[in-house]
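**Student:** Have a look at this one before I ask anything.
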Amino acid sequence: MNMMHIYVFAAYFGLSVAWCLPKPLPEGTEDKDQTATIPSLSAMLGALFLWMFWPSFNSALLRSPIERKNAVFNTYYAVAVSVVTAISGSSLAHPQGKISKTYVHSAVLAGGVAVGTSCHLIPSPWLAMVLGLVAGLISVGGAKYLPGCCNRVLGIPHSSIMGYNFSLLGLLGEIIYIVLLVLDTVGAGNGMIGFQVLLSIGELSLAIVIALTSGLLTGLLLNLKIWKAPHEAKYFDDQVFWKFPHLAVGF
């Protein structure tokens, strides 16, 4: 199974686990689902490091020097455009034109996720840039409009932005990969095009099925009473889950 399927697997695994957790959450917990300044800055620093090393991540397993070069350059093109799209889309989505760190966190790496599977097959830089633009728009739009939908339909908390963000971008990347694979095999006169397409679809389907199945099993396991889990009203209280030596909290 392709290593880039890790995006799709992780996204659907997290969504299925979150769907199994108790819901709806008690009233009053929404105000606690906030990100403090220091963790937000730390997340931005982590996103910066990921941005720098994403091309090496996409090209690490490629054997051909030409494919590695194409993967590195196409990934840089895609993530660069997704950064511009994230900043611009975040500003357009805010009534006062302000930039939201939530949107930026989820969208600056969107291009790298979208080209993760097909970066070595993209023949022209403009295709990678267009894919980064589309991925950035999907990421910003999903961060703005999908949390409410996930809350109402699936009962998944707002903090699962990266879950459905990567699920959508992972599917986009897989579709682009299958299209480019078809064009590449047709251009090379390879008669195995049907087998290659079926193999790619089977890999994607297998990743989704394993993610959903293992996620449901994990969620059901977490619901067992043997873990001494805190009450749902305490889900966003860090002092319940972590030990703070400087705080005398009786939990």
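Convention: chains lettered A, B, ... in structure tokens order; per-chain residue numbering from 1; ligands numbered from 1 as shown.
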Excluding region 5-14 of chain A and its own-chain neighbours fewer than 3 positions away, which residues fall within 7 Å of it when counting only C-alpha atoms? Please give them as a ChimeraX atom specification.
**Tutor:** /A:2,17-18,163-164,166-167,170,204,207-208,211-212,214-215
**Student:** For those residues, write N, CA, C and O atoms to a file as an mmCIF file, in the first residue's frame.
**Tutor:**
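Result file is again03.cif:
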data_model
loop_
_atom_site.group_PDB
_atom_site.id
_atom_site.type_symbol
_atom_site.label_atom_id
_atom_site.label_comp_id
_atom_site.auth_asym_id
_atom_site.auth_seq_id
_atom_site.Cartn_x
_atom_site.Cartn_y
_atom_site.Cartn_z
ATOM 1 N N ASN A 2 0.559 2.219 -0.834
ATOM 2 C CA ASN A 2 1.349 3.439 -0.969
ATOM 3 C C ASN A 2 1.468 4.157 0.365
ATOM 4 O O ASN A 2 0.508 4.275 1.116
ATOM 5 N N VAL A 17 -13.132 7.186 15.231
ATOM 6 C CA VAL A 17 -12.951 7.144 16.685
ATOM 7 C C VAL A 17 -13.784 8.244 17.339
ATOM 8 O O VAL A 17 -14.472 8.019 18.346
ATOM 9 N N ALA A 18 -13.724 9.458 16.773
ATOM 10 C CA ALA A 18 -14.493 10.566 17.342
ATOM 11 C C ALA A 18 -15.991 10.303 17.266
ATOM 12 O O ALA A 18 -16.750 10.715 18.154
ATOM 13 N N GLY A 163 -8.948 16.367 10.781
ATOM 14 C CA GLY A 163 -9.460 15.078 10.365
ATOM 15 C C GLY A 163 -10.132 15.142 9.008
ATOM 16 O O GLY A 163 -9.721 14.469 8.060
ATOM 17 N N TYR A 164 -11.189 15.962 8.885
ATOM 18 C CA TYR A 164 -11.871 16.009 7.601
ATOM 19 C C TYR A 164 -11.077 16.805 6.576
ATOM 20 O O TYR A 164 -11.248 16.639 5.369
ATOM 21 N N PHE A 166 -7.759 16.540 6.052
ATOM 22 C CA PHE A 166 -6.892 15.575 5.406
ATOM 23 C C PHE A 166 -7.691 14.520 4.661
ATOM 24 O O PHE A 166 -7.197 13.962 3.674
ATOM 25 N N SER A 167 -8.896 14.217 5.110
ATOM 26 C CA SER A 167 -9.695 13.230 4.387
ATOM 27 C C SER A 167 -10.080 13.753 3.004
ATOM 28 O O SER A 167 -9.990 13.025 2.008
ATOM 29 N N GLY A 170 -6.789 14.126 0.964
ATOM 30 C CA GLY A 170 -6.280 12.812 0.600
ATOM 31 C C GLY A 170 -7.050 12.209 -0.566
ATOM 32 O O GLY A 170 -6.458 11.638 -1.488
ATOM 33 N N LEU A 204 -6.616 2.464 -2.308
ATOM 34 C CA LEU A 204 -7.361 3.513 -1.609
ATOM 35 C C LEU A 204 -8.529 2.929 -0.824
ATOM 36 O O LEU A 204 -8.755 3.293 0.342
ATOM 37 N N ALA A 207 -7.269 1.148 2.289
ATOM 38 C CA ALA A 207 -6.864 2.085 3.343
ATOM 39 C C ALA A 207 -8.081 2.640 4.081
ATOM 40 O O ALA A 207 -8.083 2.742 5.318
ATOM 41 N N ILE A 208 -9.149 2.977 3.346
ATOM 42 C CA ILE A 208 -10.347 3.532 3.980
ATOM 43 C C ILE A 208 -11.049 2.473 4.826
ATOM 44 O O ILE A 208 -11.483 2.745 5.958
ATOM 45 N N ALA A 211 -9.057 1.820 7.954
ATOM 46 C CA ALA A 211 -9.144 2.970 8.857
ATOM 47 C C ALA A 211 -10.485 3.001 9.582
ATOM 48 O O ALA A 211 -10.540 3.203 10.798
ATOM 49 N N LEU A 212 -11.581 2.805 8.845
ATOM 50 C CA LEU A 212 -12.902 2.842 9.470
ATOM 51 C C LEU A 212 -13.091 1.688 10.447
ATOM 52 O O LEU A 212 -13.623 1.875 11.551
ATOM 53 N N SER A 214 -10.718 -0.215 12.056
ATOM 54 C CA SER A 214 -9.869 -0.076 13.240
ATOM 55 C C SER A 214 -10.284 1.119 14.085
ATOM 56 O O SER A 214 -10.197 1.078 15.323
ATOM 57 N N GLY A 215 -10.770 2.190 13.457
ATOM 58 C CA GLY A 215 -11.243 3.340 14.215
ATOM 59 C C GLY A 215 -12.479 3.022 15.036
ATOM 60 O O GLY A 215 -12.588 3.429 16.192
#
**Student:** Please provide the set of residues having any atom within 12 Å of Lys69 (chain A), restricted to only C-alpha atoms, with same-chain residues fewer than 2 positions apart removed, written as JSON, numbers by chain.
**Tutor:** {"A": [55, 56, 58, 59, 60, 62, 63, 64, 65, 66, 67, 71, 72, 73, 74, 75, 76, 119, 120, 121, 122, 123]}
**Student:** What is the CA of Val130 (chain A)-CA of Leu180 (chain A) distance in Å, reported with one decimal?
**Tutor:**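 Separating CA of Val130 (chain A) from CA of Leu180 (chain A) is a distance of 14.3 Å.
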**Student:** Report, in Å to a single decimal, how far apart CA of Asp237 (chain A) and CA of Ser139 (chain A) are.
**Tutor:**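 A separation of 28.2 Å between them.
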**Student:** I'd like to know which of A:Gly219, A:Gly89, A:Gly112, A:Gly132 is closest to Met52 (chain A), using only C-alpha atoms.
**Tutor:** A:Gly112
**Student:** What's around Thr85 (chain A) at 9 Å? Count only C-alpha atoms, leave out sequence neighbours fewer than 6 positions away in its own chain, and write the answer as an NGL selection string.
**Tutor:** :A and (107-108 or 132-137 or 140)
**Student:** Keeping only N, CA, C and O atoms, write the selected residues as an mmCIF file, in the first residue's frame.
**Tutor:**
data_model
loop_
_atom_site.group_PDB
_atom_site.id
_atom_site.type_symbol
_atom_site.label_atom_id
_atom_site.label_comp_id
_atom_site.auth_asym_id
_atom_site.auth_seq_id
_atom_site.Cartn_x
_atom_site.Cartn_y
_atom_site.Cartn_z
ATOM 1 N N ALA A 107 -4.346 25.017 6.239
ATOM 2 C CA ALA A 107 -4.262 25.228 4.794
ATOM 3 C C ALA A 107 -2.841 25.385 4.271
ATOM 4 O O ALA A 107 -2.621 25.168 3.076
ATOM 5 N N VAL A 108 -1.871 25.774 5.113
ATOM 6 C CA VAL A 108 -0.528 26.008 4.583
ATOM 7 C C VAL A 108 0.121 24.723 4.075
ATOM 8 O O VAL A 108 0.996 24.752 3.205
ATOM 9 N N GLY A 132 -2.234 23.033 -5.745
ATOM 10 C CA GLY A 132 -2.056 23.696 -4.460
ATOM 11 C C GLY A 132 -3.117 24.744 -4.207
ATOM 12 O O GLY A 132 -3.590 24.916 -3.074
ATOM 13 N N LEU A 133 -3.524 25.466 -5.268
ATOM 14 C CA LEU A 133 -4.591 26.463 -5.133
ATOM 15 C C LEU A 133 -5.913 25.807 -4.767
ATOM 16 O O LEU A 133 -6.610 26.255 -3.842
ATOM 17 N N VAL A 134 -6.268 24.744 -5.469
ATOM 18 C CA VAL A 134 -7.526 24.044 -5.182
ATOM 19 C C VAL A 134 -7.498 23.455 -3.771
ATOM 20 O O VAL A 134 -8.491 23.531 -3.025
ATOM 21 N N ALA A 135 -6.363 22.873 -3.389
ATOM 22 C CA ALA A 135 -6.258 22.284 -2.051
ATOM 23 C C ALA A 135 -6.391 23.354 -0.975
ATOM 24 O O ALA A 135 -7.044 23.132 0.053
ATOM 25 N N GLY A 136 -5.783 24.517 -1.173
ATOM 26 C CA GLY A 136 -5.910 25.605 -0.200
ATOM 27 C C GLY A 136 -7.336 26.087 -0.064
ATOM 28 O O GLY A 136 -7.818 26.358 1.042
ATOM 29 N N LEU A 137 -8.037 26.208 -1.195
ATOM 30 C CA LEU A 137 -9.436 26.641 -1.149
ATOM 31 C C LEU A 137 -10.305 25.612 -0.444
ATOM 32 O O LEU A 137 -11.190 25.965 0.354
ATOM 33 N N VAL A 140 -9.487 25.906 3.419
ATOM 34 C CA VAL A 140 -10.080 27.068 4.077
ATOM 35 C C VAL A 140 -11.602 26.959 4.112
ATOM 36 O O VAL A 140 -12.244 27.242 5.131
#
**Student:** Write out as a PyMOL selection string each polymer residue whose atoms come within 12 Å of Ile87 (chain A), counting only C-alpha atoms; drop sequence neighbours fewer than 4 positions from it.
**Tutor:** chain A and resi 80-83+91-94+97-108+133+136-137+139-140
**Student:** For each of A:Gln239, A:Ser88, A:Thr213, A:Asn223, take the minimum atom-to-atom distance to Leu15 (chain A), counting only C-alpha atoms, then give the residue where this is smallest.
**Tutor:**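 Among A:Gln239, A:Ser88, A:Thr213, A:Asn223, it is A:Thr213 that comes nearest to Leu15 (chain A).
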